[in-house]
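So this one's work.txt, compact mmCIF, C-alpha atoms and all ligand atoms:
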```txt
# COMPACT_ATOMS: atom_id res chain seq x y z
CA MET A 1 132.73 135.49 100.51
CA PRO A 2 129.12 136.73 100.85
CA THR A 3 127.86 138.05 97.52
CA ASN A 4 125.53 140.76 98.81
CA LEU A 5 128.24 143.24 99.88
CA PRO A 6 127.68 146.92 99.07
CA PRO A 7 129.96 148.86 96.66
CA GLU A 8 131.41 150.81 99.67
CA TYR A 9 132.84 147.52 100.88
CA HIS A 10 134.87 146.99 97.71
CA GLU A 11 136.04 150.58 97.73
CA ALA A 12 137.17 150.33 101.41
CA GLU A 13 138.74 146.96 100.77
CA ARG A 14 140.80 148.46 97.94
CA ARG A 15 142.04 151.23 100.26
CA PHE A 16 143.00 148.56 102.77
CA ARG A 17 145.07 146.69 100.16
CA GLU A 18 146.79 149.90 99.15
CA ALA A 19 147.70 150.98 102.69
CA ASP A 20 151.31 150.24 103.52
CA THR A 21 151.97 150.81 107.21
CA PRO A 22 150.35 148.74 109.97
CA ARG A 23 148.73 151.90 111.28
CA GLU A 24 147.18 152.75 107.89
CA LYS A 25 146.16 149.12 107.41
CA SER A 26 144.30 148.99 110.73
CA ALA A 27 142.57 152.34 110.08
CA ALA A 28 141.48 151.10 106.63
CA LEU A 29 140.29 147.79 108.04
CA GLU A 30 138.08 149.58 110.55
CA GLU A 31 136.45 151.36 107.61
CA VAL A 32 135.98 148.04 105.79
CA LEU A 33 134.26 146.54 108.82
CA LYS A 34 131.83 149.47 108.97
CA THR A 35 130.62 148.81 105.41
CA ILE A 36 129.61 145.20 106.05
CA PRO A 37 125.96 144.67 106.89
CA LYS A 38 125.46 142.63 110.05
CA HIS A 39 123.67 139.34 109.43
CA LYS A 40 124.33 135.65 109.62
CA GLY A 41 125.78 135.51 106.09
CA THR A 42 128.60 137.95 107.02
CA ASP A 43 129.45 136.54 110.49
CA LYS A 44 132.50 134.64 109.34
CA LEU A 45 133.84 137.50 107.20
CA ARG A 46 133.46 139.99 110.06
CA ALA A 47 135.17 137.60 112.52
CA ASP A 48 138.10 137.08 110.13
CA LEU A 49 138.48 140.80 109.55
CA ARG A 50 138.40 141.54 113.28
CA LYS A 51 141.19 138.99 113.78
CA LYS A 52 143.18 140.68 111.03
CA LEU A 53 142.49 144.07 112.58
CA SER A 54 143.82 143.04 115.96
CA LYS A 55 147.00 141.72 114.28
CA TYR A 56 147.57 145.04 112.48
CA LYS A 57 146.83 146.97 115.67
CA SER A 58 149.49 145.11 117.60
CA LEU A 59 151.95 145.63 114.73
CA ALA A 60 151.15 149.35 114.75
CA GLN A 61 151.65 149.44 118.52
CA ALA A 62 155.06 147.77 118.19
CA ALA A 63 156.12 150.20 115.46
CA LYS A 64 155.08 153.13 117.65
CA LYS A 65 157.16 151.78 120.55
CA LYS A 66 160.21 151.52 118.31
CA ILE A 67 159.92 155.17 117.28
CA GLY A 68 159.49 156.17 120.92
CA LYS A 69 162.57 154.26 121.92
CA HIS A 70 164.60 155.84 119.14
CA GLU A 71 163.61 159.33 120.21
CA SER A 72 164.40 158.61 123.83
CA LEU A 73 168.04 157.74 123.05
CA PHE A 74 168.79 161.41 123.58
CA HIS A 75 166.32 161.88 126.41
CA ILE A 76 168.11 160.73 129.52
CA ASP A 77 166.66 161.33 132.97
CA LYS A 78 168.82 163.26 135.39
CA GLU A 79 170.03 161.19 138.30
CA GLY A 80 172.31 161.78 141.27
CA ASN A 81 173.74 165.05 142.56
CA ALA A 82 175.08 166.36 139.26
CA ARG A 83 175.26 165.62 135.55
CA ILE A 84 178.64 165.74 133.78
CA ILE A 85 178.70 165.51 130.01
CA VAL A 86 181.82 164.23 128.28
CA LEU A 87 182.38 165.99 124.95
CA GLY A 88 185.10 166.02 122.35
CA CYS A 89 186.23 165.09 118.87
CA ALA A 90 186.36 161.50 117.66
CA ASN A 91 188.68 159.03 119.34
CA VAL A 92 189.84 161.24 122.21
CA GLY A 93 188.69 158.66 124.81
CA LYS A 94 185.20 159.78 125.87
CA SER A 95 183.76 156.27 125.97
CA SER A 96 186.91 154.98 127.68
CA LEU A 97 186.44 157.48 130.49
CA VAL A 98 182.77 156.70 131.08
CA SER A 99 183.56 153.02 130.98
CA LEU A 100 186.44 153.40 133.47
CA LEU A 101 184.46 155.42 136.01
CA THR A 102 180.99 153.87 135.81
CA HIS A 103 179.31 150.51 135.24
CA ALA A 104 178.23 151.63 131.77
CA SER A 105 179.97 149.86 128.90
CA PRO A 106 179.84 151.98 125.74
CA ASP A 107 181.80 150.69 122.74
CA ILE A 108 185.46 151.67 122.76
CA SER A 109 187.35 151.46 119.53
CA ALA A 110 190.59 152.57 117.91
CA SER A 111 188.60 153.63 114.87
CA PRO A 112 186.92 157.05 115.09
CA TYR A 113 183.19 157.76 115.32
CA SER A 114 182.34 154.59 117.21
CA THR A 115 179.77 156.20 119.50
CA TRP A 116 176.45 157.24 117.92
CA SER A 117 174.18 157.81 120.87
CA PRO A 118 174.70 159.08 124.41
CA THR A 119 175.19 156.59 127.23
CA PRO A 120 174.70 157.47 130.89
CA GLY A 121 176.66 155.93 133.74
CA MET A 122 176.53 156.59 137.48
CA MET A 123 179.59 157.12 139.61
CA ASP A 124 179.87 157.33 143.39
CA TYR A 125 182.79 159.57 144.20
CA ASN A 126 183.33 159.72 147.97
CA GLY A 127 179.60 159.75 148.54
CA VAL A 128 178.72 162.18 145.73
CA GLN A 129 176.53 160.60 143.07
CA LEU A 130 177.57 161.77 139.63
CA GLN A 131 175.88 161.02 136.33
CA LEU A 132 178.38 160.85 133.49
CA LEU A 133 177.19 161.00 129.90
CA ASP A 134 179.22 159.56 127.06
CA THR A 135 178.40 161.27 123.75
CA PRO A 136 178.97 160.87 120.02
CA ALA A 137 181.98 162.77 118.63
CA LEU A 138 181.37 166.51 118.18
CA ASP A 139 183.20 166.67 114.84
CA ARG A 140 180.73 164.61 112.85
CA GLU A 141 179.02 166.10 109.84
CA PHE A 142 176.13 167.30 111.96
CA MET A 143 174.98 167.60 115.52
CA GLU A 144 171.50 166.38 116.41
CA PRO A 145 169.44 169.16 118.02
CA GLU A 146 168.62 166.63 120.74
CA LEU A 147 172.33 166.30 121.52
CA ALA A 148 172.62 170.08 121.88
CA GLU A 149 169.64 169.98 124.27
CA LEU A 150 171.26 167.20 126.27
CA ILE A 151 174.48 169.21 126.57
CA LYS A 152 172.52 172.21 127.83
CA SER A 153 171.05 170.09 130.62
CA ALA A 154 174.50 169.33 132.08
CA ASP A 155 175.95 170.86 135.25
CA LEU A 156 179.48 170.62 133.89
CA VAL A 157 181.10 170.02 130.50
CA LEU A 158 184.14 167.83 130.43
CA LEU A 159 185.78 168.80 127.13
CA MET A 160 188.21 166.05 126.23
CA LEU A 161 191.28 166.38 123.99
CA ASP A 162 193.76 163.80 122.73
CA LEU A 163 197.25 165.06 123.60
CA GLN A 164 198.68 162.86 120.86
CA ALA A 165 196.51 164.15 117.99
CA PHE A 166 196.68 167.92 117.37
CA PRO A 167 194.93 168.95 120.58
CA ILE A 168 194.77 172.65 119.65
CA ASP A 169 192.89 171.84 116.46
CA GLN A 170 190.46 169.63 118.40
CA PHE A 171 190.01 172.32 121.01
CA LEU A 172 189.17 175.08 118.51
CA ASN A 173 187.02 172.75 116.45
CA SER A 174 185.01 171.59 119.47
CA LEU A 175 184.36 175.13 120.69
CA ASN A 176 183.30 176.21 117.22
CA ILE A 177 180.81 173.40 116.94
CA LEU A 178 179.39 174.12 120.39
CA GLU A 179 179.04 177.81 119.58
CA LYS A 180 176.89 176.90 116.60
CA SER A 181 174.45 175.44 119.12
CA ASN A 182 174.82 178.52 121.34
CA ILE A 183 176.79 176.72 124.04
CA TYR A 184 179.56 178.76 125.67
CA PRO A 185 182.08 178.28 128.49
CA LYS A 186 181.29 180.15 131.68
CA HIS A 187 184.71 181.67 132.37
CA LYS A 188 184.58 183.61 129.12
CA ASN A 189 182.06 186.01 130.65
CA ILE A 190 179.85 185.90 127.59
CA SER A 191 177.01 188.33 128.15
CA GLU A 192 173.75 186.55 128.84
CA THR A 193 171.64 189.25 127.22
CA ASN A 194 171.00 186.89 124.34
CA SER A 195 168.59 184.47 125.92
CA HIS A 196 169.43 181.74 123.40
CA LYS A 197 172.87 181.30 124.92
CA THR A 198 173.62 178.56 127.37
CA ILE A 199 176.65 179.15 129.55
CA LEU A 200 178.19 176.14 131.27
CA PRO A 201 181.28 175.49 133.37
CA PHE A 202 183.94 173.75 131.27
CA VAL A 203 186.91 171.67 132.35
CA VAL A 204 189.38 170.62 129.65
CA VAL A 205 190.62 167.09 130.18
CA VAL A 206 193.71 166.32 128.13
CA ASN A 207 193.78 162.56 127.69
CA LYS A 208 196.49 160.17 126.49
CA ASP A 209 199.20 161.84 128.58
CA ASP A 210 200.46 158.30 129.07
CA GLY A 211 203.89 158.98 130.53
CA SER A 212 206.31 161.65 131.69
CA ASN A 213 207.78 161.81 128.16
CA LEU A 214 204.55 163.51 127.06
CA ASP A 215 204.29 165.98 129.94
CA ALA A 216 206.26 168.67 128.07
CA GLU A 217 203.65 168.63 125.31
CA PHE A 218 200.94 169.11 127.89
CA ASP A 219 202.87 172.04 129.41
CA VAL A 220 202.98 173.82 126.04
CA LEU A 221 199.25 173.39 125.56
CA ASN A 222 198.51 174.40 129.14
CA GLU A 223 200.55 177.56 128.85
CA LEU A 224 198.73 178.57 125.69
CA LEU A 225 195.25 178.17 127.15
CA ARG A 226 195.76 178.89 130.84
CA ASP A 227 196.19 182.59 130.20
CA GLU A 228 192.76 182.66 128.60
CA GLY A 229 191.23 181.30 131.78
CA TRP A 230 190.92 177.67 130.77
CA ILE A 231 191.51 174.91 133.27
CA LEU A 232 193.39 171.97 131.78
CA LEU A 233 193.83 168.64 133.51
CA PRO A 234 196.31 166.10 132.11
CA VAL A 235 195.18 162.47 132.41
CA SER A 236 195.76 159.06 130.93
CA ILE A 237 192.87 156.68 131.05
CA GLU A 238 195.05 153.87 129.76
CA ALA A 239 197.76 154.41 132.38
CA ASN A 240 195.24 155.50 135.05
CA ARG A 241 197.17 158.75 135.55
CA ASN A 242 195.65 161.69 137.49
CA ILE A 243 192.11 160.32 137.36
CA ASN A 244 191.49 160.87 141.08
CA GLN A 245 192.93 164.40 140.90
CA MET A 246 190.57 165.08 138.02
CA MET A 247 187.58 163.83 140.01
CA ASP A 248 188.53 165.90 143.08
CA PHE A 249 188.74 168.94 140.86
CA ILE A 250 185.40 168.22 139.21
CA VAL A 251 183.58 167.88 142.54
CA LYS A 252 185.08 171.23 143.65
CA GLU A 253 184.13 172.82 140.36
CA LEU A 254 180.56 171.57 140.76
CA ARG A 255 180.54 173.37 144.12
CA LEU A 256 179.18 170.32 145.92
CA ILE A 257 179.98 169.68 149.58
CA ARG A 258 179.60 166.57 151.74
CA VAL A 259 178.17 166.96 155.20
CA TYR A 260 177.94 164.08 157.69
CA ALA A 261 175.13 163.53 160.18
CA LYS A 262 175.86 162.61 163.80
CA LYS A 263 173.51 161.45 166.53
CA PRO A 264 174.18 162.66 170.11
CA HIS A 265 176.86 160.52 171.84
CA GLU A 266 177.53 158.59 168.63
CA GLU A 267 180.18 158.68 165.93
CA PRO A 268 179.21 160.39 162.65
CA ASP A 269 177.94 158.18 159.83
CA TYR A 270 180.75 158.52 157.31
CA SER A 271 179.19 155.97 154.97
CA LYS A 272 176.44 158.27 153.80
CA PRO A 273 177.20 161.96 153.41
CA PHE A 274 174.46 164.43 152.59
CA VAL A 275 175.40 166.38 149.48
CA LEU A 276 174.73 170.11 149.53
CA LYS A 277 175.67 173.02 147.30
CA ALA A 278 178.45 175.29 148.53
CA GLY A 279 176.90 178.13 150.52
CA GLU A 280 174.02 176.05 151.89
CA SER A 281 173.25 176.12 155.59
CA VAL A 282 172.24 173.98 158.55
CA GLU A 283 168.65 174.54 157.48
CA ASN A 284 169.28 173.04 154.03
CA PHE A 285 171.06 170.13 155.69
CA ALA A 286 168.13 169.51 158.07
CA GLU A 287 165.76 169.45 155.13
CA LYS A 288 167.87 166.79 153.41
CA VAL A 289 168.01 164.62 156.54
CA HIS A 290 164.26 164.65 157.13
CA LYS A 291 161.48 167.18 156.79
CA ASP A 292 160.64 166.68 160.49
CA PHE A 293 164.09 167.99 161.36
CA LEU A 294 163.49 171.06 159.25
CA LEU A 295 160.13 171.76 160.91
CA ASN A 296 161.11 171.05 164.49
CA LEU A 297 164.77 171.99 164.56
CA LYS A 298 165.68 173.52 167.94
CA SER A 299 169.46 173.64 167.76
CA ALA A 300 172.48 172.21 165.99
CA ARG A 301 176.12 171.56 166.80
CA VAL A 302 178.89 171.49 164.23
CA TRP A 303 182.37 169.99 164.01
CA GLY A 304 184.41 171.27 161.11
CA LYS A 305 185.56 174.42 159.40
CA GLY A 306 185.50 177.71 161.27
CA VAL A 307 183.93 176.39 164.49
CA ARG A 308 185.03 174.96 167.85
CA ASP A 309 184.34 171.21 168.02
CA GLY A 310 180.67 170.79 168.78
CA GLN A 311 179.92 174.50 168.66
CA PRO A 312 176.19 175.33 168.80
CA VAL A 313 175.10 177.15 165.65
CA GLY A 314 171.91 178.63 164.24
CA ARG A 315 169.85 177.55 161.24
CA GLU A 316 171.63 180.02 159.00
CA HIS A 317 175.14 178.72 159.72
CA VAL A 318 176.86 178.00 156.37
CA LEU A 319 178.34 174.51 156.12
CA HIS A 320 181.58 173.35 154.49
CA ASP A 321 182.80 170.18 152.81
CA GLY A 322 183.51 167.57 155.49
CA ASP A 323 181.52 169.22 158.30
CA ILE A 324 179.76 167.03 160.86
CA VAL A 325 176.38 168.17 162.14
CA GLU A 326 174.28 167.05 165.12
CA LEU A 327 170.65 168.11 164.91
CA HIS A 328 168.39 168.51 167.96
CA ILE A 329 164.61 168.64 167.84
N1 LIG B 1 197.28 155.88 124.43
C1 LIG B 1 196.06 156.01 124.96
N2 LIG B 1 194.98 155.56 124.31
C2 LIG B 1 193.79 155.73 124.88
C3 LIG B 1 193.62 156.35 126.14
N3 LIG B 1 192.31 156.40 126.42
C4 LIG B 1 191.67 155.83 125.38
N4 LIG B 1 192.55 155.41 124.45
C5 LIG B 1 192.28 154.72 123.17
O1 LIG B 1 191.72 155.65 122.26
C6 LIG B 1 190.82 155.00 121.35
C7 LIG B 1 189.49 155.72 121.33
O2 LIG B 1 188.86 155.57 122.56
P1 LIG B 1 187.29 155.79 122.74
O3 LIG B 1 187.02 155.76 124.19
O4 LIG B 1 186.53 154.87 121.86
O5 LIG B 1 187.18 157.27 122.16
P2 LIG B 1 185.85 158.14 121.92
O6 LIG B 1 186.20 159.53 122.24
O7 LIG B 1 184.72 157.54 122.66
O8 LIG B 1 185.67 157.96 120.35
P3 LIG B 1 184.34 158.18 119.44
O9 LIG B 1 183.19 157.53 120.14
O10 LIG B 1 184.66 157.53 118.18
O11 LIG B 1 184.16 159.65 119.31
C8 LIG B 1 190.72 153.56 121.85
O12 LIG B 1 191.57 152.76 121.07
C9 LIG B 1 191.22 153.65 123.29
O13 LIG B 1 191.77 152.43 123.74
C10 LIG B 1 194.80 156.81 126.84
O14 LIG B 1 194.79 157.34 127.94
N5 LIG B 1 195.99 156.61 126.18
MG MG B 2 182.96 156.85 121.99
```

Rewrite the structure of this file - the entire thing - as structure tokens.
Ligand SMILES: Nc1nc2c(ncn2[C@@H]2O[C@H](COP(=O)(O)OP(=O)(O)OP(=O)(O)O)[C@@H](O)[C@H]2O)c(=O)[nH]1
Ligand SMILES: [Mg+2]
Amino acid sequence: MPTNLPPEYHEAERRFREADTPREKSAALEEVLKTIPKHKGTDKLRADLRKKLSKYKSLAQAAKKKIGKHESLFHIDKEGNARIIVLGCANVGKSSLVSLLTHASPDISASPYSTWSPTPGMMDYNGVQLQLLDTPALDREFMEPELAELIKSADLVLLMLDLQAFPIDQFLNSLNILEKSNIYPKHKNISETNSHKTILPFVVVVNKDDGSNLDAEFDVLNELLRDEGWILLPVSIEANRNINQMMDFIVKELRLIRVYAKKPHEEPDYSKPFVLKAGESVENFAEKVHKDFLLNLKSARVWGKGVRDGQPVGREHVLHDGDIVELHI
């Protein structure tokens, strides 16, 4: 240790020893380095301190990354044609559903509250790309504001109940919790004058309807809620009951349609539908196929709903699910 170090050095060095995070340590070390006069006698000390500084900087960097990662658990990029968020009380089967339908593998457990962060999974349903989000149980002691934000970003809420565990209680409880975050079901015609409200389409999926012996219980529940405008779908993930019917319904509810492209004198390409929103036209379809088609479109022929086979139509012609379109430029 060189003996001719100024008092500022010792003061800065003390602050360095007292700092406790890597970020504070590296900031303090930079100050220490500044106090050291540059000459031959301090070369070794300065080199050692710079080495130390770079170690603390990389530690600080790693710590920063960890925080970033933690925050991003609730920040999930939208992918595909629509985002469906699976919500419900503990143990109803949310993770089981996402795991059944997608390649995601969230933890599934007979004990409640097994999921603590959302997990996305992609599903191809007859050519429609759907992003499903598994979520932590709604009936925990709190809901993270980030989870509420994530719910608000969804195109559809799949509210899941367990038919075998007081479904009415779960239903009321779930809605209550969502209301606290200003999230409301669309069919209730809640006025949108309050700009804090987010209104989303809801489908109630009643899980664990494992066999016909349980169907009567579903009927009672359905009768109670149907009159209030709720749509209830009975399913069993374990017994793989009604899962396809549920998916068909969801795609309809999302108001997504599949339109197939056809080249002149060729069969349509059924392997890759273009996904449009209900109400969209030939023009929207052309834009999806290629922007050149949109710019240079001269005419189009359609096979499908409400037209003769191969009928010429204009740009504004509204397309339907399953239509086949031939574009001419
Ligand atoms: N009988 C029956 N059990 C099911 C069905 N679907 C899921 N389960 C079981 O229900 C339990 C809970 O399933 P999870 O998928 O972990 O439920 P979750 O809603 O994700 O639960 P949390 O993450 O804790 O909120 C597991 O033991 C599943 O095997 C079903 O259709 N019938
Ligand atoms: Mg779960």

- Find the residues near ligand MG 2 (chain B). Use a cut-off of 12 Å, count all atoms listed in the file, and write them as an MDAnalysis selection string. chainID A and resid 86:99 105:119 133:138 160

- Name the closest residue to ligand LIG 1 (chain B) among the candidates A:Ser299, A:Thr198, A:Gln311, A:Asn240; distances are taken between atoms, counting only C-alpha atoms and all ligand atoms.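 Residue with the minimum atom-to-atom distance to ligand LIG 1 (chain B): A:Asn240.
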
- Task: Fewer than 5 positions away in the same chain doesn't count, so skip those; otherwise give me all residues within 10 Å of stretch 167-184 of chain A, counting all atoms listed in the file, as number ranges by chain.
- Result: A: 87-90, 92, 137-140, 142-145, 147-149, 151-152, 159-162, 189-190, 194-202, 204, 206-207, 217-218, 221, 224-225

- Message: So the first atom is atom CA of A:Ala286 and the second is atom CA of A:Lys78; what is the distance between them in Å, to one decimal place?
- Response: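 Calculated distance between atom CA of A:Ala286 and atom CA of A:Lys78 is 23.5 Å.
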
- Query: Please, what distance in Å, to one decimal, runs between atom CA of A:Leu233 and atom CA of A:Val205?
  - Reply: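 Value for the atom CA of A:Leu233-atom CA of A:Val205 distance: 4.9 Å.
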
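Each of A:Glu146, A:Glu316, A:Asp309, A:Tyr125 was checked against A:Phe249 using all atoms listed in the file; the smallest atom-to-atom distance is that of A:Tyr125.
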
- Determine the nearest neighbour of ligand LIG 1 (chain B) from the options A:Ile250, A:Leu100, A:Val307, A:Leu232, counting all atoms listed in the file.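 Answer, going by the shortest atom-to-atom distance: A:Leu100.
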